[in-house]
$ cat model_4.pdb   # PDB, C-alpha atoms
ATOM      1  CA  MET A 371    -109.213  71.284 -14.039
ATOM      2  CA  THR A 372    -112.004  73.754 -14.699
ATOM      3  CA  ASN A 373    -111.848  77.493 -15.096
ATOM      4  CA  HIS A 374    -114.306  80.311 -15.712
ATOM      5  CA  ILE A 375    -113.921  83.936 -16.767
ATOM      6  CA  LYS A 376    -116.243  86.787 -17.539
ATOM      7  CA  ILE A 377    -115.227  90.022 -19.186
ATOM      8  CA  GLU A 378    -117.129  92.955 -20.594
ATOM      9  CA  PHE A 379    -116.010  95.923 -22.623
ATOM     10  CA  GLU A 380    -117.315  98.801 -24.708
ATOM     11  CA  ALA A 381    -118.376  97.874 -28.229
ATOM     12  CA  LYS A 382    -115.461  99.650 -29.896
ATOM     13  CA  ASP A 383    -113.321  98.273 -32.699
ATOM     14  CA  VAL A 384    -110.176  98.920 -30.691
ATOM     15  CA  ASN A 385    -111.394  96.328 -28.165
ATOM     16  CA  VAL A 386    -111.533  93.448 -30.653
ATOM     17  CA  ARG A 387    -107.794  92.981 -30.219
ATOM     18  CA  PHE A 388    -108.169  93.114 -26.442
ATOM     19  CA  ALA A 389    -110.775  90.327 -26.662
ATOM     20  CA  ARG A 390    -108.422  88.150 -28.715
ATOM     21  CA  ILE A 391    -105.584  88.619 -26.269
ATOM     22  CA  ALA A 392    -107.797  88.010 -23.219
ATOM     23  CA  VAL A 393    -109.216  84.769 -24.608
ATOM     24  CA  ALA A 394    -105.763  83.639 -25.776
ATOM     25  CA  ALA A 395    -104.511  84.105 -22.217
ATOM     26  CA  PHE A 396    -107.503  82.169 -20.875
ATOM     27  CA  ILE A 397    -106.890  79.139 -23.078
ATOM     28  CA  ALA A 398    -103.104  79.204 -22.600
ATOM     29  CA  GLU A 399    -103.285  76.937 -19.575
ATOM     30  CA  LEU A 400    -104.718  74.202 -21.815
ATOM     31  CA  ASN A 401    -101.450  74.206 -23.803
ATOM     32  CA  PRO A 402    -102.995  74.752 -27.212
ATOM     33  CA  THR A 403    -100.962  74.282 -30.363
ATOM     34  CA  ILE A 404    -100.253  77.446 -32.343
ATOM     35  CA  ASP A 405    -103.013  76.546 -34.799
ATOM     36  CA  GLU A 406    -105.538  75.872 -32.031
ATOM     37  CA  ALA A 407    -104.748  79.182 -30.341
ATOM     38  CA  GLU A 408    -105.047  81.076 -33.617
ATOM     39  CA  ASP A 409    -108.301  79.287 -34.419
ATOM     40  CA  VAL A 410    -109.883  80.404 -31.159
ATOM     41  CA  LYS A 411    -108.479  83.948 -31.444
ATOM     42  CA  THR A 412    -109.816  84.295 -34.973
ATOM     43  CA  ALA A 413    -113.255  82.938 -34.068
ATOM     44  CA  VAL A 414    -113.470  85.338 -31.118
ATOM     45  CA  SER A 415    -112.351  88.197 -33.374
ATOM     46  CA  GLU A 416    -115.178  87.387 -35.776
ATOM     47  CA  ALA A 417    -117.830  87.099 -33.064
ATOM     48  CA  VAL A 418    -116.820  90.300 -31.301
ATOM     49  CA  THR A 419    -116.633  92.198 -34.590
ATOM     50  CA  ASN A 420    -120.150  90.980 -35.420
ATOM     51  CA  ALA A 421    -121.423  92.211 -32.066
ATOM     52  CA  ILE A 422    -119.925  95.664 -32.589
ATOM     53  CA  VAL A 423    -120.663  96.112 -36.296
ATOM     54  CA  HIS A 424    -124.010  94.341 -36.580
ATOM     55  CA  GLY A 425    -125.371  93.963 -33.054
ATOM     56  CA  TYR A 426    -124.827  97.567 -32.095
ATOM     57  CA  ASP A 427    -124.419  98.881 -35.632
ATOM     58  CA  GLY A 428    -121.512 101.009 -34.505
ATOM     59  CA  LYS A 429    -123.517 102.614 -31.696
ATOM     60  CA  GLU A 430    -122.703 102.409 -28.004
ATOM     61  CA  GLY A 431    -123.022  99.097 -26.284
ATOM     62  CA  VAL A 432    -121.284  96.509 -24.177
ATOM     63  CA  VAL A 433    -119.906  93.192 -25.368
ATOM     64  CA  TYR A 434    -119.800  90.326 -22.887
ATOM     65  CA  ILE A 435    -117.499  87.351 -23.136
ATOM     66  CA  GLU A 436    -117.750  84.321 -20.899
ATOM     67  CA  GLY A 437    -115.290  81.470 -21.012
ATOM     68  CA  PHE A 438    -115.392  78.011 -19.519
ATOM     69  CA  SER A 439    -112.692  75.407 -19.702
ATOM     70  CA  TYR A 440    -113.090  71.835 -18.534
ATOM     71  CA  ASP A 441    -110.931  68.815 -19.305
ATOM     72  CA  ASN A 442    -109.474  69.751 -22.679
ATOM     73  CA  THR A 443    -112.467  71.692 -23.933
ATOM     74  CA  VAL A 444    -112.967  75.433 -24.020
ATOM     75  CA  MET A 445    -116.326  77.097 -24.460
ATOM     76  CA  ILE A 446    -116.506  80.807 -25.283
ATOM     77  CA  SER A 447    -119.689  82.806 -25.538
ATOM     78  CA  VAL A 448    -119.846  86.306 -27.005
ATOM     79  CA  CYS A 449    -122.967  88.249 -26.184
ATOM     80  CA  ASP A 450    -124.459  91.591 -27.136
ATOM     81  CA  THR A 451    -127.760  93.262 -26.295
ATOM     82  CA  GLY A 452    -128.114  94.852 -29.678
ATOM     83  CA  CYS A 453    -130.545  94.525 -32.545
ATOM     84  CA  GLY A 454    -130.543  90.750 -32.895
ATOM     85  CA  ILE A 455    -130.345  88.682 -36.073
ATOM     86  CA  GLU A 456    -133.441  88.607 -38.251
ATOM     87  CA  ASP A 457    -132.700  85.304 -39.970
ATOM     88  CA  ILE A 458    -130.015  83.188 -38.324
ATOM     89  CA  ASN A 459    -129.893  80.630 -41.137
ATOM     90  CA  LYS A 460    -129.340  83.357 -43.687
ATOM     91  CA  ALA A 461    -126.696  84.998 -41.498
ATOM     92  CA  ARG A 462    -124.794  81.708 -41.397
ATOM     93  CA  GLU A 463    -124.677  81.465 -45.191
ATOM     94  CA  PRO A 464    -121.121  82.018 -46.467
ATOM     95  CA  LEU A 465    -120.666  85.469 -48.017
ATOM     96  CA  PHE A 466    -124.088  86.732 -46.870
ATOM     97  CA  THR A 467    -123.806  90.221 -45.414
ATOM     98  CA  THR A 468    -126.166  93.087 -44.713
ATOM     99  CA  LYS A 469    -123.284  95.541 -45.055
ATOM    100  CA  ALA A 470    -121.697  94.932 -48.451
ATOM    101  CA  GLU A 471    -121.166  98.680 -48.830
ATOM    102  CA  GLU A 472    -118.782  98.564 -45.864
ATOM    103  CA  GLU A 473    -116.653  95.893 -47.538
ATOM    104  CA  ARG A 474    -117.928  93.198 -45.189
ATOM    105  CA  SER A 475    -116.935  89.789 -46.474
ATOM    106  CA  GLY A 476    -119.891  87.893 -44.980
ATOM    107  CA  LEU A 477    -117.494  85.218 -43.748
ATOM    108  CA  GLY A 478    -117.714  85.706 -39.984
ATOM    109  CA  PHE A 479    -119.871  82.694 -39.170
ATOM    110  CA  THR A 480    -118.122  80.557 -41.794
ATOM    111  CA  VAL A 481    -114.808  81.241 -40.076
ATOM    112  CA  MET A 482    -116.253  80.504 -36.642
ATOM    113  CA  GLU A 483    -117.796  77.240 -37.853
ATOM    114  CA  SER A 484    -114.574  76.170 -39.586
ATOM    115  CA  PHE A 485    -112.201  77.028 -36.778
ATOM    116  CA  MET A 486    -114.277  75.866 -33.810
ATOM    117  CA  ASP A 487    -115.812  72.442 -33.192
ATOM    118  CA  SER A 488    -119.301  73.829 -32.627
ATOM    119  CA  VAL A 489    -121.093  77.162 -32.922
ATOM    120  CA  HIS A 490    -124.504  77.840 -31.390
ATOM    121  CA  ILE A 491    -126.372  81.079 -32.018
ATOM    122  CA  GLU A 492    -129.239  82.459 -29.986
ATOM    123  CA  SER A 493    -130.765  85.740 -31.032
ATOM    124  CA  LYS A 494    -133.886  87.786 -30.455
ATOM    125  CA  LYS A 495    -134.908  90.884 -32.380
ATOM    126  CA  ASP A 496    -134.107  94.063 -30.462
ATOM    127  CA  ALA A 497    -132.809  92.046 -27.519
ATOM    128  CA  GLY A 498    -129.428  90.769 -28.638
ATOM    129  CA  THR A 499    -127.370  87.821 -29.737
ATOM    130  CA  THR A 500    -125.250  85.217 -27.993
ATOM    131  CA  VAL A 501    -122.781  83.127 -29.956
ATOM    132  CA  THR A 502    -121.429  80.124 -28.054
ATOM    133  CA  MET A 503    -118.472  78.271 -29.505
ATOM    134  CA  SER A 504    -116.528  75.299 -28.236
ATOM    135  CA  LYS A 505    -113.305  73.591 -29.193
ATOM    136  CA  ARG A 506    -111.276  70.670 -27.924
ATOM    137  CA  ILE A 507    -107.791  71.959 -27.187
ATOM    138  CA  GLY A 508    -104.370  70.478 -26.614
ATOM    139  CA  LYS A 509    -105.236  66.884 -27.492
ATOM    140  CA  VAL A 510    -102.672  64.458 -26.175
TER     141      VAL A 510
ATOM    142  CA  MET B 993     -98.072  99.479 -40.127
ATOM    143  CA  MET B 994     -97.836 100.037 -43.870
ATOM    144  CA  GLU B 995     -95.266 100.837 -46.531
ATOM    145  CA  PHE B 996     -95.690 101.445 -50.220
ATOM    146  CA  LYS B 997     -93.405 100.922 -53.201
ATOM    147  CA  LYS B 998     -94.180 101.458 -56.856
ATOM    148  CA  VAL B 999     -92.560  98.966 -59.195
ATOM    149  CA  GLY B1000     -93.479  99.527 -62.815
ATOM    150  CA  ASN B1001     -97.265  99.595 -62.972
ATOM    151  CA  SER B1002     -97.677  97.873 -59.636
ATOM    152  CA  LEU B1003     -98.134  99.350 -56.210
ATOM    153  CA  ILE B1004     -96.684  97.067 -53.563
ATOM    154  CA  VAL B1005     -98.528  97.445 -50.270
ATOM    155  CA  ARG B1006     -96.511  96.051 -47.354
ATOM    156  CA  LEU B1007     -98.760  95.365 -44.375
ATOM    157  CA  ASP B1008     -97.525  94.811 -40.862
ATOM    158  CA  GLY B1009     -98.981  93.326 -37.677
ATOM    159  CA  GLU B1010    -102.603  92.390 -37.157
ATOM    160  CA  ILE B1011    -105.413  93.031 -39.607
ATOM    161  CA  ASP B1012    -108.849  93.284 -38.025
ATOM    162  CA  ASP B1013    -111.825  95.623 -38.211
ATOM    163  CA  LYS B1014    -110.016  98.620 -36.777
ATOM    164  CA  SER B1015    -106.787  98.335 -38.747
ATOM    165  CA  ALA B1016    -108.546  97.298 -41.984
ATOM    166  CA  LYS B1017    -110.621 100.478 -41.913
ATOM    167  CA  GLU B1018    -107.504 102.611 -41.475
ATOM    168  CA  MET B1019    -105.520 100.699 -44.069
ATOM    169  CA  ARG B1020    -108.056 100.835 -46.868
ATOM    170  CA  VAL B1021    -108.279 104.626 -46.816
ATOM    171  CA  LYS B1022    -104.505 105.048 -46.994
ATOM    172  CA  ILE B1023    -104.151 102.361 -49.656
ATOM    173  CA  ASP B1024    -106.790 103.936 -51.881
ATOM    174  CA  VAL B1025    -105.211 107.374 -51.577
ATOM    175  CA  GLU B1026    -101.740 106.044 -52.408
ATOM    176  CA  TYR B1027    -103.019 103.941 -55.326
ATOM    177  CA  ASP B1028    -104.709 106.963 -56.870
ATOM    178  CA  GLU B1029    -101.768 109.285 -56.225
ATOM    179  CA  VAL B1030     -99.081 107.102 -57.795
ATOM    180  CA  GLY B1031    -101.267 106.120 -60.741
ATOM    181  CA  ALA B1032    -100.617 102.397 -60.417
ATOM    182  CA  LYS B1033    -102.616  99.800 -62.260
ATOM    183  CA  ASP B1034    -101.973  96.595 -60.297
ATOM    184  CA  MET B1035    -101.830  96.174 -56.546
ATOM    185  CA  VAL B1036     -99.593  93.674 -54.769
ATOM    186  CA  PHE B1037    -100.125  92.912 -51.083
ATOM    187  CA  ASP B1038     -97.035  91.871 -49.134
ATOM    188  CA  LEU B1039     -98.293  89.876 -46.129
ATOM    189  CA  THR B1040     -94.889  88.622 -44.905
ATOM    190  CA  LYS B1041     -95.122  90.711 -41.735
ATOM    191  CA  VAL B1042     -98.813  90.107 -41.073
ATOM    192  CA  THR B1043     -99.185  88.113 -37.864
ATOM    193  CA  PHE B1044    -102.986  87.893 -37.732
ATOM    194  CA  MET B1045    -105.873  88.416 -40.104
ATOM    195  CA  ASP B1046    -109.573  87.815 -39.672
ATOM    196  CA  SER B1047    -112.268  88.091 -42.328
ATOM    197  CA  THR B1048    -112.221  91.894 -42.219
ATOM    198  CA  GLY B1049    -108.802  91.635 -43.873
ATOM    199  CA  ILE B1050    -110.313  89.468 -46.600
ATOM    200  CA  GLY B1051    -113.047  92.073 -47.067
ATOM    201  CA  MET B1052    -110.442  94.822 -47.305
ATOM    202  CA  ILE B1053    -108.471  92.984 -49.987
ATOM    203  CA  ILE B1054    -111.609  92.182 -51.959
ATOM    204  CA  GLY B1055    -112.662  95.814 -51.703
ATOM    205  CA  ARG B1056    -109.324  96.889 -53.219
ATOM    206  CA  TYR B1057    -109.728  94.222 -55.900
ATOM    207  CA  LYS B1058    -113.055  95.736 -56.971
ATOM    208  CA  ARG B1059    -111.487  99.188 -57.342
ATOM    209  CA  VAL B1060    -108.396  97.908 -59.138
ATOM    210  CA  ALA B1061    -110.388  95.620 -61.429
ATOM    211  CA  SER B1062    -112.584  98.545 -62.458
ATOM    212  CA  LEU B1063    -109.387 100.053 -63.893
ATOM    213  CA  ASN B1064    -108.445  96.739 -65.533
ATOM    214  CA  GLY B1065    -105.729  96.064 -63.006
ATOM    215  CA  CYS B1066    -105.154  92.909 -60.997
ATOM    216  CA  VAL B1067    -104.483  92.230 -57.339
ATOM    217  CA  LYS B1068    -101.811  89.868 -56.109
ATOM    218  CA  VAL B1069    -100.983  88.640 -52.619
ATOM    219  CA  PHE B1070     -97.755  87.076 -51.389
ATOM    220  CA  GLY B1071     -95.950  86.026 -48.236
ATOM    221  CA  ALA B1072     -98.857  84.877 -46.070
ATOM    222  CA  ASN B1073     -97.674  82.734 -43.177
ATOM    223  CA  ARG B1074     -99.283  79.398 -42.377
ATOM    224  CA  VAL B1075    -101.837  80.924 -40.032
ATOM    225  CA  VAL B1076    -102.912  83.722 -42.396
ATOM    226  CA  LYS B1077    -103.006  81.260 -45.301
ATOM    227  CA  ARG B1078    -105.733  79.311 -43.547
ATOM    228  CA  ILE B1079    -108.224  82.128 -43.638
ATOM    229  CA  ILE B1080    -107.197  83.032 -47.186
ATOM    230  CA  GLU B1081    -107.902  79.464 -48.299
ATOM    231  CA  LEU B1082    -111.150  79.269 -46.345
ATOM    232  CA  SER B1083    -112.378  82.484 -47.955
ATOM    233  CA  GLY B1084    -111.660  81.376 -51.505
ATOM    234  CA  LEU B1085    -109.784  84.653 -52.031
ATOM    235  CA  GLY B1086    -107.621  82.864 -54.605
ATOM    236  CA  ARG B1087    -110.593  82.843 -56.971
ATOM    237  CA  VAL B1088    -110.282  86.595 -57.477
ATOM    238  CA  VAL B1089    -106.681  87.459 -56.617
ATOM    239  CA  LYS B1090    -103.450  85.698 -57.527
ATOM    240  CA  ILE B1091    -101.605  84.186 -54.571
ATOM    241  CA  TYR B1092     -97.832  83.764 -54.511
ATOM    242  CA  ASP B1093     -95.222  82.590 -52.050
ATOM    243  CA  ASN B1094     -92.844  85.514 -52.412
ATOM    244  CA  GLU B1095     -92.282  88.921 -53.980
ATOM    245  CA  ARG B1096     -90.126  87.634 -56.824
ATOM    246  CA  GLN B1097     -92.909  85.332 -57.970
ATOM    247  CA  ALA B1098     -95.548  88.001 -57.510
ATOM    248  CA  LEU B1099     -93.722  90.604 -59.581
ATOM    249  CA  GLY B1100     -91.963  88.332 -62.038
ATOM    250  CA  THR B1101     -93.062  85.635 -64.393
ATOM    251  CA  GLY B1102     -92.969  82.905 -61.735
ATOM    252  CA  GLY B1103     -96.092  80.762 -61.593
ATOM    253  CA  GLY B1104     -98.670  81.587 -58.952
ATOM    254  CA  LYS B1105    -100.618  79.004 -56.997
ATOM    255  CA  ASN B1106    -103.640  79.448 -59.165
ATOM    256  CA  ASP B1107    -101.896  79.930 -62.512
TER     257      ASP B1107
END
$ encode --input "model_4.pdb" --output "structure tokens"
Amino acid sequence: MTNHIKIEFEAKDVNVRFARIAVAAFIAELNPTIDEAEDVKTAVSEAVTNAIVHGYDGKEGVVYIEGFSYDNTVMISVCDTGCGIEDINKAREPLFTTKAEEERSGLGFTVMESFMDSVHIESKKDAGTTVTMSKRIGKV
Amino acid sequence: MMEFKKVGNSLIVRLDGEIDDKSAKEMRVKIDVEYDEVGAKDMVFDLTKVTFMDSTGIGMIIGRYKRVASLNGCVKVFGANRVVKRIIELSGLGRVVKIYDNERQALGTGGGKND
């Protein structure tokens, strides 16, 4: 069974929760365990927060989420058309943040990489960033 | 979403629901105001009613730790459920704050996980 969704929403912090709930509903048909569902929700929360806080730097913008499910695998991509990441390798370093003054933990990508099976980042300066994550769900 | 209780020199901060970017921003302002107003030294986070936390919650707790530590206080955390514990362990939060299973341990002389 395959499935595909696309959603978009304003880059506002209030919508991070909406994104978690929407993706949780999308993966529900794969019968995830509680841990698997929370893993995906948390990873999506991190990616969407990054898009809002870093991609758009709190300014107006739209966040796009696309989800694919096939067999027992779910793939979620979170995309923004914001400022892009200057150094992706540095951004992936645990605890690295460009916003320490805002109490940012610098753990977003670490969480995504720990809770999902794979994380792929594409980014271009002043064009935006797409984070694509996948996870095998509901193993028999 | 939040309740406070002063016990001795400690301010217990009882959090409720989901902690993400939006709620963390709101919480930290209220927590800092309350901490200053009651003149507490230590801060104890009660996470028993927290159902979700991403890394913004970790950042919020570490931010409070920096303020409290500057006044020679310490920060403790107790009651995280299995799901919330996973991000706490991943973050290494236990290196800077003491983590307990319950309030009695956190406030009493019971050993913490990293004692």
$ resolve_selection --input "model_4.pdb" --expression "the PyMOL selection byres ((chain B and resi 1034-1038) around 7)" --output "VMD selection string"
chain B and resid 1001 to 1007 1032 to 1033 1039 to 1040 1060 1065 to 1071
$ write_last_selection --input "model_4.pdb" --atoms "C-alpha atoms" --output "compact mmCIF listing (two decimals), keeping the file's coordinate frame"
# COMPACT_ATOMS: atom_id res chain seq x y z
CA ASN B 1001 -97.26 99.60 -62.97
CA SER B 1002 -97.68 97.87 -59.64
CA LEU B 1003 -98.13 99.35 -56.21
CA ILE B 1004 -96.68 97.07 -53.56
CA VAL B 1005 -98.53 97.44 -50.27
CA ARG B 1006 -96.51 96.05 -47.35
CA LEU B 1007 -98.76 95.36 -44.38
CA ALA B 1032 -100.62 102.40 -60.42
CA LYS B 1033 -102.62 99.80 -62.26
CA LEU B 1039 -98.29 89.88 -46.13
CA THR B 1040 -94.89 88.62 -44.90
CA VAL B 1060 -108.40 97.91 -59.14
CA GLY B 1065 -105.73 96.06 -63.01
CA CYS B 1066 -105.15 92.91 -61.00
CA VAL B 1067 -104.48 92.23 -57.34
CA LYS B 1068 -101.81 89.87 -56.11
CA VAL B 1069 -100.98 88.64 -52.62
CA PHE B 1070 -97.76 87.08 -51.39
CA GLY B 1071 -95.95 86.03 -48.24
$ resolve_selection --input "model_4.pdb" --expression "the PyMOL selection byres ((chain A) within 7 of (chain B))" --output "JSON, numbers by chain"
{"A": [383, 384, 405, 412, 415, 416, 419, 473, 474, 475, 477, 478]}
$ write_last_selection --input "model_4.pdb" --atoms "C-alpha atoms" --output "short mmCIF file (atom, residue, chain, number, x, y, z; two decimals), in the frame of the given file"
data_model
loop_
_atom_site.label_atom_id
_atom_site.label_comp_id
_atom_site.auth_asym_id
_atom_site.auth_seq_id
_atom_site.Cartn_x
_atom_site.Cartn_y
_atom_site.Cartn_z
CA ASP A 383 -113.32 98.27 -32.70
CA VAL A 384 -110.18 98.92 -30.69
CA ASP A 405 -103.01 76.55 -34.80
CA THR A 412 -109.82 84.30 -34.97
CA SER A 415 -112.35 88.20 -33.37
CA GLU A 416 -115.18 87.39 -35.78
CA THR A 419 -116.63 92.20 -34.59
CA GLU A 473 -116.65 95.89 -47.54
CA ARG A 474 -117.93 93.20 -45.19
CA SER A 475 -116.94 89.79 -46.47
CA LEU A 477 -117.49 85.22 -43.75
CA GLY A 478 -117.71 85.71 -39.98
#
$ residues_around --input "model_4.pdb" --residues "Ser447 in chain A" --least-positions-apart "6" --cutoff "7 Å" --atoms "all atoms listed in the file" --output "ChimeraX atom specification"
/A:435-437,500-503
$ write_last_selection --input "model_4.pdb" --atoms "C-alpha atoms" --output "PDB file, keeping the file's coordinate frame"
ATOM      1  CA  ILE A 435    -117.499  87.351 -23.136  1.00  0.00           C
ATOM      2  CA  GLU A 436    -117.750  84.321 -20.899  1.00  0.00           C
ATOM      3  CA  GLY A 437    -115.290  81.470 -21.012  1.00  0.00           C
ATOM      4  CA  THR A 500    -125.250  85.217 -27.993  1.00  0.00           C
ATOM      5  CA  VAL A 501    -122.781  83.127 -29.956  1.00  0.00           C
ATOM      6  CA  THR A 502    -121.429  80.124 -28.054  1.00  0.00           C
ATOM      7  CA  MET A 503    -118.472  78.271 -29.505  1.00  0.00           C
TER       8      MET A 503
END
$ residues_around --input "model_4.pdb" --residues "Arg462 in chain A" --least-positions-apart "5" --cutoff "10 Å" --atoms "only C-alpha atoms" --output "PyMOL selection string"
chain A and resi 457+467+476-480+482-483+491
$ write_last_selection --input "model_4.pdb" --atoms "C-alpha atoms" --output "mmCIF file, in the coordinates of the input"
data_model
loop_
_atom_site.group_PDB
_atom_site.id
_atom_site.type_symbol
_atom_site.label_atom_id
_atom_site.label_comp_id
_atom_site.auth_asym_id
_atom_site.auth_seq_id
_atom_site.Cartn_x
_atom_site.Cartn_y
_atom_site.Cartn_z
ATOM 1 C CA ASP A 457 -132.700 85.304 -39.970
ATOM 2 C CA THR A 467 -123.806 90.221 -45.414
ATOM 3 C CA GLY A 476 -119.891 87.893 -44.980
ATOM 4 C CA LEU A 477 -117.494 85.218 -43.748
ATOM 5 C CA GLY A 478 -117.714 85.706 -39.984
ATOM 6 C CA PHE A 479 -119.871 82.694 -39.170
ATOM 7 C CA THR A 480 -118.122 80.557 -41.794
ATOM 8 C CA MET A 482 -116.253 80.504 -36.642
ATOM 9 C CA GLU A 483 -117.796 77.240 -37.853
ATOM 10 C CA ILE A 491 -126.372 81.079 -32.018
#
$ closest_residue --input "model_4.pdb" --among "B:Gly1100, B:Gly1000, B:Gly1031, B:Gly1084" --to "Val481 in chain A" --atoms "only C-alpha atoms"
B:Gly1084
$ atom_distance --input "model_4.pdb" --atom1 "CA of Gly498 in chain A" --atom2 "CA of Glu380 in chain A"
15.1 Å
$ atom_distance --input "model_4.pdb" --atom1 "CA of Met371 in chain A" --atom2 "CA of Ala417 in chain A"
26.2 Å
$ atom_distance --input "model_4.pdb" --atom1 "CA of Thr468 in chain A" --atom2 "CA of Gly1086 in chain B"
23.4 Å
$ closest_residue --input "model_4.pdb" --among "B:Leu1063, B:Glu1081, B:Met993, B:Asp1024" --to "Lys1041 in chain B" --atoms "only C-alpha atoms"
B:Met993
$ decode --input "model_4.pdb" --residues "range 440-451 of chain A" --atoms "N, CA and C atoms" --output "PDB file, in the first residue's frame"
ATOM      1  N   TYR A 440       5.343   3.676   1.741  1.00  0.00           N
ATOM      2  CA  TYR A 440       5.335   2.522   0.840  1.00  0.00           C
ATOM      3  C   TYR A 440       5.884   1.338   1.616  1.00  0.00           C
ATOM      4  N   ASP A 441       5.237   0.193   1.430  1.00  0.00           N
ATOM      5  CA  ASP A 441       5.535  -0.983   2.272  1.00  0.00           C
ATOM      6  C   ASP A 441       5.476  -0.519   3.722  1.00  0.00           C
ATOM      7  N   ASN A 442       6.520  -0.723   4.468  1.00  0.00           N
ATOM      8  CA  ASN A 442       6.522  -0.290   5.868  1.00  0.00           C
ATOM      9  C   ASN A 442       7.459   0.881   6.096  1.00  0.00           C
ATOM     10  N   THR A 443       7.684   1.670   5.062  1.00  0.00           N
ATOM     11  CA  THR A 443       8.610   2.785   5.172  1.00  0.00           C
ATOM     12  C   THR A 443       7.880   4.107   4.967  1.00  0.00           C
ATOM     13  N   VAL A 444       8.214   5.077   5.782  1.00  0.00           N
ATOM     14  CA  VAL A 444       7.653   6.413   5.588  1.00  0.00           C
ATOM     15  C   VAL A 444       8.796   7.379   5.288  1.00  0.00           C
ATOM     16  N   MET A 445       8.544   8.258   4.337  1.00  0.00           N
ATOM     17  CA  MET A 445       9.531   9.279   4.005  1.00  0.00           C
ATOM     18  C   MET A 445       8.847  10.634   4.139  1.00  0.00           C
ATOM     19  N   ILE A 446       9.452  11.512   4.920  1.00  0.00           N
ATOM     20  CA  ILE A 446       8.872  12.842   5.164  1.00  0.00           C
ATOM     21  C   ILE A 446       9.892  13.881   4.735  1.00  0.00           C
ATOM     22  N   SER A 447       9.479  14.830   3.915  1.00  0.00           N
ATOM     23  CA  SER A 447      10.392  15.926   3.623  1.00  0.00           C
ATOM     24  C   SER A 447       9.780  17.225   4.113  1.00  0.00           C
ATOM     25  N   VAL A 448      10.631  18.060   4.713  1.00  0.00           N
ATOM     26  CA  VAL A 448      10.225  19.364   5.230  1.00  0.00           C
ATOM     27  C   VAL A 448      11.037  20.403   4.472  1.00  0.00           C
ATOM     28  N   CYS A 449      10.333  21.323   3.854  1.00  0.00           N
ATOM     29  CA  CYS A 449      11.001  22.246   2.932  1.00  0.00           C
ATOM     30  C   CYS A 449      10.667  23.703   3.264  1.00  0.00           C
ATOM     31  N   ASP A 450      11.665  24.551   3.170  1.00  0.00           N
ATOM     32  CA  ASP A 450      11.412  25.991   3.256  1.00  0.00           C
ATOM     33  C   ASP A 450      12.130  26.678   2.106  1.00  0.00           C
ATOM     34  N   THR A 451      11.726  27.905   1.822  1.00  0.00           N
ATOM     35  CA  THR A 451      12.389  28.691   0.775  1.00  0.00           C
ATOM     36  C   THR A 451      13.061  29.893   1.421  1.00  0.00           C
TER      37      THR A 451
END
